[in-house]
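Enquirer: Hey, dropping structure.pdb in here, PDB, C-alpha atoms, pLDDT in the B column:
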```pdb
ATOM      1  CA  MET G  94      -6.789  36.852  24.719  1.00 45.00           C
ATOM      2  CA  GLU G  95      -8.377  35.238  21.682  1.00 64.00           C
ATOM      3  CA  GLN G  96      -9.723  37.377  18.871  1.00 70.00           C
ATOM      4  CA  SER G  97     -13.399  37.616  18.030  1.00 71.00           C
ATOM      5  CA  TYR G  98     -15.056  35.923  15.080  1.00 63.00           C
ATOM      6  CA  ASN G  99     -14.992  39.072  12.922  1.00 68.00           C
ATOM      7  CA  ASP G 100     -11.476  40.027  14.025  1.00 81.00           C
ATOM      8  CA  TRP G 101     -10.103  36.901  12.337  1.00 79.00           C
ATOM      9  CA  LYS G 102     -11.646  37.895   9.016  1.00 74.00           C
ATOM     10  CA  SER G 103     -10.181  41.390   9.342  1.00 78.00           C
ATOM     11  CA  TYR G 104      -6.775  39.906  10.131  1.00 78.00           C
ATOM     12  CA  GLU G 105      -6.973  37.797   6.978  1.00 81.00           C
ATOM     13  CA  LYS G 106      -7.463  40.862   4.822  1.00 77.00           C
ATOM     14  CA  VAL G 107      -4.263  42.390   6.192  1.00 77.00           C
ATOM     15  CA  THR G 108      -2.084  39.287   5.786  1.00 79.00           C
ATOM     16  CA  TRP G 109      -3.482  38.086   2.443  1.00 79.00           C
ATOM     17  CA  GLU G 110      -1.692  40.758   0.412  1.00 75.00           C
ATOM     18  CA  LEU G 111       1.689  39.316   1.413  1.00 75.00           C
ATOM     19  CA  ASP G 112       0.689  35.652   1.746  1.00 88.00           C
ATOM     20  CA  LYS G 113      -1.161  35.365  -1.569  1.00 88.00           C
ATOM     21  CA  TYR G 114       2.039  34.836  -3.591  1.00 88.00           C
ATOM     22  CA  ARG G 115       2.940  31.844  -1.449  1.00 93.00           C
ATOM     23  CA  PHE G 116      -0.569  30.421  -1.617  1.00 95.00           C
ATOM     24  CA  GLN G 117      -0.834  30.886  -5.388  1.00 94.00           C
ATOM     25  CA  LYS G 118       2.362  28.903  -5.916  1.00 96.00           C
ATOM     26  CA  SER G 119       1.247  26.234  -3.460  1.00 97.00           C
ATOM     27  CA  TYR G 120      -2.065  25.831  -5.315  1.00 97.00           C
ATOM     28  CA  LYS G 121      -0.138  25.237  -8.536  1.00 96.00           C
ATOM     29  CA  LEU G 122       1.772  22.407  -6.865  1.00 97.00           C
ATOM     30  CA  LEU G 123      -1.529  20.530  -6.502  1.00 97.00           C
ATOM     31  CA  GLU G 124      -2.684  21.066 -10.071  1.00 96.00           C
ATOM     32  CA  GLY G 125      -3.197  17.750 -11.849  1.00 95.00           C
ATOM     33  CA  GLU G 126      -3.543  15.808  -8.605  1.00 97.00           C
ATOM     34  CA  LYS G 127      -6.712  13.816  -8.023  1.00 97.00           C
ATOM     35  CA  THR G 128      -8.882  15.483  -5.375  1.00 98.00           C
ATOM     36  CA  GLY G 129      -9.448  13.741  -2.063  1.00 98.00           C
ATOM     37  CA  LYS G 130      -9.096  14.410   1.649  1.00 98.00           C
ATOM     38  CA  LEU G 131      -6.857  17.347   2.545  1.00 98.00           C
ATOM     39  CA  LEU G 132      -5.749  18.367   6.039  1.00 98.00           C
ATOM     40  CA  GLY G 133      -4.715  21.962   6.651  1.00 98.00           C
ATOM     41  CA  ILE G 134      -2.604  22.546   9.769  1.00 98.00           C
ATOM     42  CA  GLY G 135      -2.495  25.951  11.433  1.00 95.00           C
ATOM     43  CA  ILE G 136      -5.047  27.407   9.023  1.00 94.00           C
ATOM     44  CA  MET G 137      -6.469  30.138  11.292  1.00 92.00           C
ATOM     45  CA  ALA G 138      -9.836  31.113   9.750  1.00 93.00           C
ATOM     46  CA  GLY G 139      -9.282  28.911   6.710  1.00 94.00           C
ATOM     47  CA  LYS G 140      -9.152  31.462   3.872  1.00 94.00           C
ATOM     48  CA  GLU G 141      -6.196  29.674   2.261  1.00 95.00           C
ATOM     49  CA  LEU G 142      -8.197  26.453   1.877  1.00 97.00           C
ATOM     50  CA  LEU G 143     -11.290  27.995   0.270  1.00 96.00           C
ATOM     51  CA  PRO G 144      -9.938  27.777  -3.329  1.00 96.00           C
ATOM     52  CA  LEU G 145      -9.140  24.113  -2.715  1.00 97.00           C
ATOM     53  CA  LEU G 146     -12.600  23.501  -1.276  1.00 97.00           C
ATOM     54  CA  GLU G 147     -14.074  25.011  -4.437  1.00 97.00           C
ATOM     55  CA  LYS G 148     -11.980  22.684  -6.596  1.00 97.00           C
ATOM     56  CA  GLY G 149     -13.492  19.634  -4.919  1.00 97.00           C
ATOM     57  CA  TRP G 150     -11.068  18.849  -2.117  1.00 98.00           C
ATOM     58  CA  GLU G 151     -12.647  17.569   1.100  1.00 98.00           C
ATOM     59  CA  CYS G 152     -10.939  19.935   3.510  1.00 98.00           C
ATOM     60  CA  TYR G 153     -10.198  19.276   7.166  1.00 98.00           C
ATOM     61  CA  GLY G 154      -8.395  21.688   9.468  1.00 98.00           C
ATOM     62  CA  ILE G 155      -6.459  21.862  12.718  1.00 98.00           C
ATOM     63  CA  GLU G 156      -6.097  25.255  14.398  1.00 96.00           C
ATOM     64  CA  LEU G 157      -4.826  26.180  17.868  1.00 94.00           C
ATOM     65  CA  THR G 158      -6.953  29.327  18.260  1.00 92.00           C
ATOM     66  CA  ASN G 159     -10.684  29.956  18.197  1.00 92.00           C
ATOM     67  CA  ALA G 160     -10.329  30.925  14.521  1.00 92.00           C
ATOM     68  CA  TYR G 161     -11.197  27.274  13.819  1.00 94.00           C
ATOM     69  CA  GLU G 162     -14.852  28.269  14.317  1.00 94.00           C
ATOM     70  CA  VAL G 163     -14.689  30.606  11.314  1.00 93.00           C
ATOM     71  CA  ALA G 164     -13.060  27.886   9.203  1.00 95.00           C
ATOM     72  CA  ARG G 165     -15.708  25.386  10.279  1.00 96.00           C
ATOM     73  CA  ASP G 166     -18.517  27.747   9.275  1.00 95.00           C
ATOM     74  CA  ARG G 167     -16.878  28.103   5.861  1.00 95.00           C
ATOM     75  CA  GLY G 168     -17.274  24.385   5.179  1.00 97.00           C
ATOM     76  CA  ILE G 169     -13.903  23.159   6.450  1.00 98.00           C
ATOM     77  CA  LYS G 170     -14.074  20.277   8.931  1.00 98.00           C
ATOM     78  CA  SER G 171     -11.969  22.171  11.430  1.00 97.00           C
ATOM     79  CA  ILE G 172     -11.084  21.322  15.029  1.00 97.00           C
ATOM     80  CA  GLN G 173      -9.203  23.140  17.778  1.00 97.00           C
ATOM     81  CA  HIS G 174      -6.075  21.227  18.698  1.00 97.00           C
ATOM     82  CA  ASP G 175      -2.393  21.649  19.569  1.00 97.00           C
ATOM     83  CA  VAL G 176      -0.552  19.821  16.794  1.00 97.00           C
ATOM     84  CA  SER G 177       2.598  19.537  18.928  1.00 95.00           C
ATOM     85  CA  LYS G 178       0.659  16.817  20.778  1.00 96.00           C
ATOM     86  CA  GLY G 179       0.104  14.844  17.585  1.00 97.00           C
ATOM     87  CA  ILE G 180      -2.394  14.764  14.743  1.00 98.00           C
ATOM     88  CA  PRO G 181      -5.722  13.296  15.961  1.00 97.00           C
ATOM     89  CA  PHE G 182      -6.599  11.292  12.850  1.00 98.00           C
ATOM     90  CA  SER G 183      -6.127   7.650  11.934  1.00 98.00           C
ATOM     91  CA  ASP G 184      -3.279   6.234   9.862  1.00 98.00           C
ATOM     92  CA  GLU G 185      -3.302   6.900   6.105  1.00 98.00           C
ATOM     93  CA  PHE G 186      -6.450   9.025   6.279  1.00 98.00           C
ATOM     94  CA  PHE G 187      -5.409  11.946   4.056  1.00 98.00           C
ATOM     95  CA  ASP G 188      -4.321  12.384   0.451  1.00 98.00           C
ATOM     96  CA  VAL G 189      -2.703  15.753   1.191  1.00 98.00           C
ATOM     97  CA  VAL G 190      -1.369  17.524   4.263  1.00 98.00           C
ATOM     98  CA  TRP G 191      -1.095  21.298   3.855  1.00 98.00           C
ATOM     99  CA  ALA G 192       1.276  22.744   6.481  1.00 98.00           C
ATOM    100  CA  GLU G 193       2.110  26.351   5.666  1.00 97.00           C
ATOM    101  CA  GLU G 194       4.156  28.399   8.159  1.00 96.00           C
ATOM    102  CA  ILE G 195       3.757  25.969  11.067  1.00 97.00           C
ATOM    103  CA  ILE G 196       6.932  23.884  11.399  1.00 98.00           C
ATOM    104  CA  GLU G 197       8.994  26.877  12.550  1.00 97.00           C
ATOM    105  CA  HIS G 198       6.715  27.170  15.607  1.00 95.00           C
ATOM    106  CA  LEU G 199       7.336  23.595  16.806  1.00 96.00           C
ATOM    107  CA  TYR G 200      10.144  22.377  19.052  1.00 96.00           C
ATOM    108  CA  ASP G 201       9.905  18.715  18.046  1.00 98.00           C
ATOM    109  CA  THR G 202       9.817  18.942  14.258  1.00 98.00           C
ATOM    110  CA  ASP G 203      10.773  15.281  13.874  1.00 98.00           C
ATOM    111  CA  HIS G 204       7.671  14.219  15.788  1.00 98.00           C
ATOM    112  CA  PHE G 205       5.559  16.540  13.645  1.00 98.00           C
ATOM    113  CA  LEU G 206       6.867  15.138  10.351  1.00 98.00           C
ATOM    114  CA  SER G 207       6.492  11.601  11.666  1.00 98.00           C
ATOM    115  CA  GLU G 208       2.831  12.326  12.421  1.00 98.00           C
ATOM    116  CA  VAL G 209       2.313  13.903   9.000  1.00 98.00           C
ATOM    117  CA  ASN G 210       3.768  10.804   7.384  1.00 98.00           C
ATOM    118  CA  ARG G 211       1.539   8.568   9.488  1.00 98.00           C
ATOM    119  CA  VAL G 212      -1.753  10.223   8.511  1.00 98.00           C
ATOM    120  CA  LEU G 213      -0.865  10.431   4.806  1.00 98.00           C
ATOM    121  CA  LYS G 214      -1.813   7.663   2.432  1.00 98.00           C
ATOM    122  CA  ARG G 215       0.948   5.976   0.496  1.00 96.00           C
ATOM    123  CA  ARG G 216       2.074   8.379  -2.242  1.00 97.00           C
ATOM    124  CA  GLY G 217       0.249  11.139  -0.369  1.00 98.00           C
ATOM    125  CA  ILE G 218       1.448  14.725  -0.723  1.00 98.00           C
ATOM    126  CA  LEU G 219       2.841  17.213   1.772  1.00 98.00           C
ATOM    127  CA  ILE G 220       2.726  20.910   0.896  1.00 98.00           C
ATOM    128  CA  LEU G 221       4.909  22.733   3.415  1.00 98.00           C
ATOM    129  CA  SER G 222       6.287  26.244   3.679  1.00 98.00           C
ATOM    130  CA  THR G 223       8.513  28.000   6.200  1.00 97.00           C
ATOM    131  CA  PRO G 224      10.558  31.212   6.426  1.00 96.00           C
ATOM    132  CA  ASN G 225      13.954  30.966   4.749  1.00 96.00           C
ATOM    133  CA  LEU G 226      16.828  31.638   7.142  1.00 96.00           C
ATOM    134  CA  ALA G 227      19.140  32.096   4.143  1.00 96.00           C
ATOM    135  CA  SER G 228      16.922  34.533   2.240  1.00 95.00           C
ATOM    136  CA  LEU G 229      18.673  37.246   0.264  1.00 94.00           C
ATOM    137  CA  ILE G 230      17.693  39.950   2.732  1.00 92.00           C
ATOM    138  CA  ASN G 231      18.984  37.879   5.664  1.00 94.00           C
ATOM    139  CA  ARG G 232      22.304  37.323   3.936  1.00 95.00           C
ATOM    140  CA  VAL G 233      22.671  41.061   3.439  1.00 92.00           C
ATOM    141  CA  LYS G 234      21.610  41.808   7.026  1.00 93.00           C
ATOM    142  CA  LEU G 235      24.152  39.383   8.474  1.00 94.00           C
ATOM    143  CA  LEU G 236      26.867  40.770   6.214  1.00 94.00           C
ATOM    144  CA  PHE G 237      26.358  44.146   7.902  1.00 95.00           C
ATOM    145  CA  GLY G 238      25.975  42.673  11.387  1.00 95.00           C
ATOM    146  CA  LEU G 239      22.195  43.106  11.506  1.00 93.00           C
ATOM    147  CA  TYR G 240      19.750  40.640  13.042  1.00 93.00           C
ATOM    148  CA  PRO G 241      18.014  38.376  10.470  1.00 92.00           C
ATOM    149  CA  ARG G 242      14.279  38.426   9.841  1.00 88.00           C
ATOM    150  CA  TYR G 243      11.982  35.834  11.472  1.00 87.00           C
ATOM    151  CA  VAL G 244      14.541  34.965  14.162  1.00 89.00           C
ATOM    152  CA  GLN G 245      13.649  35.803  17.767  1.00 84.00           C
ATOM    153  CA  PHE G 246      15.994  35.905  20.750  1.00 84.00           C
ATOM    154  CA  SER G 247      13.173  35.825  23.327  1.00 81.00           C
ATOM    155  CA  SER G 248       9.568  34.666  23.679  1.00 77.00           C
ATOM    156  CA  GLU G 249       8.367  37.924  22.132  1.00 76.00           C
ATOM    157  CA  GLY G 250       7.554  38.047  18.429  1.00 75.00           C
ATOM    158  CA  ALA G 251       6.050  35.487  16.084  1.00 79.00           C
ATOM    159  CA  GLY G 252       6.975  32.486  18.205  1.00 87.00           C
ATOM    160  CA  HIS G 253       9.475  30.920  15.808  1.00 92.00           C
ATOM    161  CA  VAL G 254      11.742  28.361  17.445  1.00 92.00           C
ATOM    162  CA  ARG G 255      13.145  26.477  14.417  1.00 95.00           C
ATOM    163  CA  TYR G 256      14.851  27.951  11.366  1.00 96.00           C
ATOM    164  CA  TYR G 257      15.384  26.358   7.959  1.00 97.00           C
ATOM    165  CA  THR G 258      17.348  26.651   4.780  1.00 97.00           C
ATOM    166  CA  ALA G 259      16.082  24.783   1.721  1.00 97.00           C
ATOM    167  CA  LYS G 260      18.864  22.193   1.943  1.00 97.00           C
ATOM    168  CA  VAL G 261      18.215  21.393   5.602  1.00 98.00           C
ATOM    169  CA  LEU G 262      14.454  21.132   5.055  1.00 98.00           C
ATOM    170  CA  VAL G 263      14.901  18.700   2.163  1.00 98.00           C
ATOM    171  CA  LYS G 264      17.330  16.643   4.253  1.00 98.00           C
ATOM    172  CA  GLN G 265      14.884  16.324   7.134  1.00 98.00           C
ATOM    173  CA  LEU G 266      11.982  15.414   4.836  1.00 98.00           C
ATOM    174  CA  LYS G 267      14.044  12.637   3.247  1.00 98.00           C
ATOM    175  CA  ARG G 268      14.812  11.310   6.699  1.00 98.00           C
ATOM    176  CA  HIS G 269      11.073  10.992   7.302  1.00 98.00           C
ATOM    177  CA  ASN G 270      10.450   8.938   4.164  1.00 98.00           C
ATOM    178  CA  PHE G 271       9.433  11.763   1.832  1.00 98.00           C
ATOM    179  CA  PHE G 272      10.579  12.335  -1.728  1.00 98.00           C
ATOM    180  CA  VAL G 273      10.816  16.062  -2.451  1.00 98.00           C
ATOM    181  CA  GLU G 274       9.365  16.714  -5.901  1.00 98.00           C
ATOM    182  CA  ARG G 275       9.652  20.499  -6.017  1.00 97.00           C
ATOM    183  CA  VAL G 276      11.265  23.328  -4.067  1.00 97.00           C
ATOM    184  CA  MET G 277       9.999  26.860  -4.740  1.00 96.00           C
ATOM    185  CA  GLY G 278      10.167  30.298  -3.171  1.00 95.00           C
ATOM    186  CA  ASN G 279       7.479  32.935  -2.802  1.00 92.00           C
ATOM    187  CA  PHE G 280       9.395  36.124  -3.638  1.00 90.00           C
ATOM    188  CA  LEU G 281      12.722  37.825  -3.090  1.00 90.00           C
ATOM    189  CA  SER G 282      12.479  40.526  -0.436  1.00 81.00           C
ATOM    190  CA  PHE G 283      15.358  42.858  -1.148  1.00 72.00           C
ATOM    191  CA  PRO G 284      16.088  45.659  -0.574  1.00 65.00           C
ATOM    192  CA  ASP G 285      12.755  46.211   1.180  1.00 64.00           C
ATOM    193  CA  PRO G 286      11.059  43.213   2.874  1.00 58.00           C
ATOM    194  CA  PHE G 287       7.688  44.691   1.891  1.00 61.00           C
ATOM    195  CA  PRO G 288       8.319  46.212  -1.577  1.00 61.00           C
ATOM    196  CA  THR G 289       5.767  48.040  -3.697  1.00 68.00           C
ATOM    197  CA  LYS G 290       3.094  45.874  -5.310  1.00 76.00           C
ATOM    198  CA  PRO G 291       4.252  46.158  -8.964  1.00 81.00           C
ATOM    199  CA  LEU G 292       7.876  45.360  -8.053  1.00 83.00           C
ATOM    200  CA  ARG G 293       6.819  42.370  -5.960  1.00 82.00           C
ATOM    201  CA  LYS G 294       4.321  41.055  -8.514  1.00 82.00           C
ATOM    202  CA  TYR G 295       6.280  41.392 -11.744  1.00 84.00           C
ATOM    203  CA  ILE G 296       9.908  40.992 -10.656  1.00 87.00           C
ATOM    204  CA  LEU G 297      10.455  39.664  -7.126  1.00 89.00           C
ATOM    205  CA  ASN G 298       7.683  37.055  -7.272  1.00 89.00           C
ATOM    206  CA  PRO G 299       8.993  35.353 -10.473  1.00 91.00           C
ATOM    207  CA  LEU G 300      12.547  35.532  -9.126  1.00 92.00           C
ATOM    208  CA  GLY G 301      11.395  33.635  -6.034  1.00 92.00           C
ATOM    209  CA  THR G 302      10.317  30.764  -8.284  1.00 92.00           C
ATOM    210  CA  PHE G 303      13.677  30.512 -10.018  1.00 93.00           C
ATOM    211  CA  PHE G 304      15.853  31.215  -6.962  1.00 95.00           C
ATOM    212  CA  PRO G 305      14.100  29.497  -4.035  1.00 95.00           C
ATOM    213  CA  THR G 306      17.239  29.411  -1.864  1.00 96.00           C
ATOM    214  CA  LEU G 307      17.181  33.230  -1.818  1.00 96.00           C
ATOM    215  CA  SER G 308      13.425  33.714  -1.390  1.00 95.00           C
ATOM    216  CA  GLU G 309      11.573  35.025   1.631  1.00 93.00           C
ATOM    217  CA  ASN G 310       9.905  31.652   2.249  1.00 95.00           C
ATOM    218  CA  ILE G 311      10.627  28.088   1.141  1.00 97.00           C
ATOM    219  CA  ILE G 312       7.752  26.065  -0.382  1.00 98.00           C
ATOM    220  CA  VAL G 313       8.085  22.323  -0.943  1.00 98.00           C
ATOM    221  CA  LYS G 314       5.984  19.590  -2.470  1.00 98.00           C
ATOM    222  CA  ALA G 315       6.968  16.217  -1.019  1.00 98.00           C
ATOM    223  CA  ARG G 316       5.456  12.782  -1.580  1.00 98.00           C
ATOM    224  CA  LYS G 317       5.285   9.962   0.933  1.00 98.00           C
ATOM    225  CA  LEU G 318       7.223   6.948  -0.303  1.00 95.00           C
TER     226      LEU G 318
END
```
Since I need it in another form, could you write the structure as structure tokens?
Expert:
Amino acid sequence: MEQSYNDWKSYEKVTWELDKYRFQKSYKLLEGEKTGKLLGIGIMAGKELLPLLEKGWECYGIELTNAYEVARDRGIKSIQHDVSKGIPFSDEFFDVVWAEEIIEHLYDTDHFLSEVNRVLKRRGILILSTPNLASLINRVKLLFGLYPRYVQFSSEGAGHVRYYTAKVLVKQLKRHNFFVERVMGNFLSFPDPFPTKPLRKYILNPLGTFFPTLSENIIVKARKL
């Protein structure tokens, strides 16, 4: 059952506290770039794109759920669509594709990256993030025989079907004609995956920048060749 219009905004408030570190670092990756057309994929109600909209980006969105209606009312040119079936825009239409926490939900990731490359202009930018299979907490969990975070053994859970390390993600992006300019992490999540705010803000968040291969999530900035 799909959530109501107001439910999506309430959901955003809950998730923003954890996601904001990833978004803040992703915004920095676009600093200095000339504004243009930006496509957000899997944006739910679109809160993550609002700071970019305010900076002058012309924001489009693709969302599988009815949350696209909230994003549309916020000024994002959002449509409801299943991105596993392709990206319904013409070749070289966008300057930036923003794909945060989506690739791990897709079976055919090669098709997805091929479509992203197709709709990007030459020298266009891809901002992509995904959970890190080799995060510090996962390494510790596996050492003690515990099941890693973000990995599901059945259809229950977050719906993740693909799992990445930074090295594998960079390798796949290169194969799809992208040059990876920067690899970052959001924060280190150890010993607690949801640590207290001061610890996360002042210690674990900066450490995620310097040690992306150990971070909770991988963030990349890649440019179409």
Enquirer: Give me the residues within 7 Å of region 219-221 of chain G as a list of chain:residue names, counting all atoms listed in the file and dropping any in the same chain fewer than 5 places off.
Expert: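 Here the answer would be G:Val189, G:Val190, G:Trp191, G:Ala192, G:Glu193, G:Ile312, G:Val313, G:Lys314, G:Ala315, G:Arg316.
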Enquirer: So that I can see what lies close to region 135-149 of chain G, please list as number ranges by chain the residues with an atom at most 6 Å from it, counting all atoms listed in the file and leaving out residues fewer than 2 positions away in the same chain.
Expert: G: 133, 155-156, 160-161, 163-164
Enquirer: For the residues in the current selection, export C-alpha atoms as a PDB file, in the coordinates of the input.
Expert:
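This went into again_28.pdb:
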```
ATOM      1  CA  GLY G 133      -4.715  21.962   6.651  1.00 98.00           C
ATOM      2  CA  ILE G 155      -6.459  21.862  12.718  1.00 98.00           C
ATOM      3  CA  GLU G 156      -6.097  25.255  14.398  1.00 96.00           C
ATOM      4  CA  ALA G 160     -10.329  30.925  14.521  1.00 92.00           C
ATOM      5  CA  TYR G 161     -11.197  27.274  13.819  1.00 94.00           C
ATOM      6  CA  VAL G 163     -14.689  30.606  11.314  1.00 93.00           C
ATOM      7  CA  ALA G 164     -13.060  27.886   9.203  1.00 95.00           C
TER       8      ALA G 164
END
```
Enquirer: Name the closest residue to Arg255 (chain G) among the candidates G:Ile134, G:Leu206, G:Ile218, G:Leu199; distances are taken between atoms, counting all atoms listed in the file.
Expert: G:Leu199
Enquirer: Applied to the shown file, which residues does the PyMOL selection byres ((chain G and resi 275-279) around 7) return, written as a PyMOL selection string?
Expert: chain G and resi 114-115+273-274+280+298+301-302+304-305+308-314
Enquirer: Go ahead and save the residues from that selection, with C-alpha atoms, as a PDB file, keeping the file's coordinate frame.
Expert:
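The result, written out as again-v2.pdb:
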```pdb
ATOM      1  CA  TYR G 114       2.039  34.836  -3.591  1.00 88.00           C
ATOM      2  CA  ARG G 115       2.940  31.844  -1.449  1.00 93.00           C
ATOM      3  CA  VAL G 273      10.816  16.062  -2.451  1.00 98.00           C
ATOM      4  CA  GLU G 274       9.365  16.714  -5.901  1.00 98.00           C
ATOM      5  CA  PHE G 280       9.395  36.124  -3.638  1.00 90.00           C
ATOM      6  CA  ASN G 298       7.683  37.055  -7.272  1.00 89.00           C
ATOM      7  CA  GLY G 301      11.395  33.635  -6.034  1.00 92.00           C
ATOM      8  CA  THR G 302      10.317  30.764  -8.284  1.00 92.00           C
ATOM      9  CA  PHE G 304      15.853  31.215  -6.962  1.00 95.00           C
ATOM     10  CA  PRO G 305      14.100  29.497  -4.035  1.00 95.00           C
ATOM     11  CA  SER G 308      13.425  33.714  -1.390  1.00 95.00           C
ATOM     12  CA  GLU G 309      11.573  35.025   1.631  1.00 93.00           C
ATOM     13  CA  ASN G 310       9.905  31.652   2.249  1.00 95.00           C
ATOM     14  CA  ILE G 311      10.627  28.088   1.141  1.00 97.00           C
ATOM     15  CA  ILE G 312       7.752  26.065  -0.382  1.00 98.00           C
ATOM     16  CA  VAL G 313       8.085  22.323  -0.943  1.00 98.00           C
ATOM     17  CA  LYS G 314       5.984  19.590  -2.470  1.00 98.00           C
TER      18      LYS G 314
END
```
Enquirer: CA of Phe186 (chain G) and CA of Val212 (chain G), how far apart in Å?
Expert: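 Answer for the CA of Val212 (chain G) to CA of Phe186 (chain G) separation: 5.3 Å.
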Enquirer: With all atoms listed in the file as the atoms that count, which of G:Trp150, G:Tyr200, G:Tyr240, G:Trp109 lies nearest to Leu123 (chain G)?
Expert: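 Checking each candidate against Leu123 (chain G), we get G:Trp150 as the closest.
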Enquirer: Draw an axis-aligned box tight on the listed atoms of region 241-253 of chain G, then pad every side by 8 Å and write out centre and edge lengths in Å to one decimal as lines of an AutoDock Vina configuration file.
Expert:
```
center_x = 12.0
center_y = 34.7
center_z = 16.8
size_x = 28.0
size_y = 23.5
size_z = 29.8
```
Enquirer: So the first atom is CA of Leu122 (chain G) and the second is CA of Phe283 (chain G); what is the distance between them in Å, to one decimal place?
Expert: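 The value is 25.2 Å.
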Enquirer: What is the CA of Ile296 (chain G)-CA of Ser119 (chain G) distance in Å, reported with one decimal?
Expert: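 Value for the CA of Ile296 (chain G)-CA of Ser119 (chain G) distance: 18.6 Å.
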Enquirer: Pull out every residue that the PyMOL selection byres ((chain G and resi 203) around 12) matches in the shown coordinates and put them as a list in words.
Expert: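 On this input, the PyMOL selection byres ((chain G and resi 203) around 12) captures Ser177, Gly179, Ile196, Glu197, Leu199, Tyr200, Asp201, Thr202, His204, Phe205, Leu206, Ser207, Glu208, Val209, Asn210, Arg255, Leu262, Lys264, Gln265, Leu266, Lys267, Arg268, His269 and Asn270 of chain G.
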Enquirer: Any chance you could work out the residue set of the PyMOL selection byres ((chain G and resi 252) around 12) here, as a VMD selection string?
Expert: chain G and resid 194 to 200 243 to 251 253 to 256
Enquirer: Measuring atom to atom with all atoms listed in the file, identify which of G:Leu229, G:Ser97, G:Ser222, G:His174 is nearest to Lys118 (chain G).
Expert: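 Between G:Leu229, G:Ser97, G:Ser222, G:His174, the residue approaching Lys118 (chain G) most closely is G:Ser222.
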Enquirer: From the list G:Pro241, G:Thr223, G:Tyr257, G:Val263, which residue is nearest Asp112 (chain G) when using only C-alpha atoms?
Expert: G:Thr223
Enquirer: Between G:Leu318, G:Leu132, G:Leu292, G:Leu235, which residue has the minimum interatomic distance to Ile180 (chain G), considering all atoms listed in the file?
Expert: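 Between G:Leu318, G:Leu132, G:Leu292, G:Leu235, the residue approaching Ile180 (chain G) most closely is G:Leu132.
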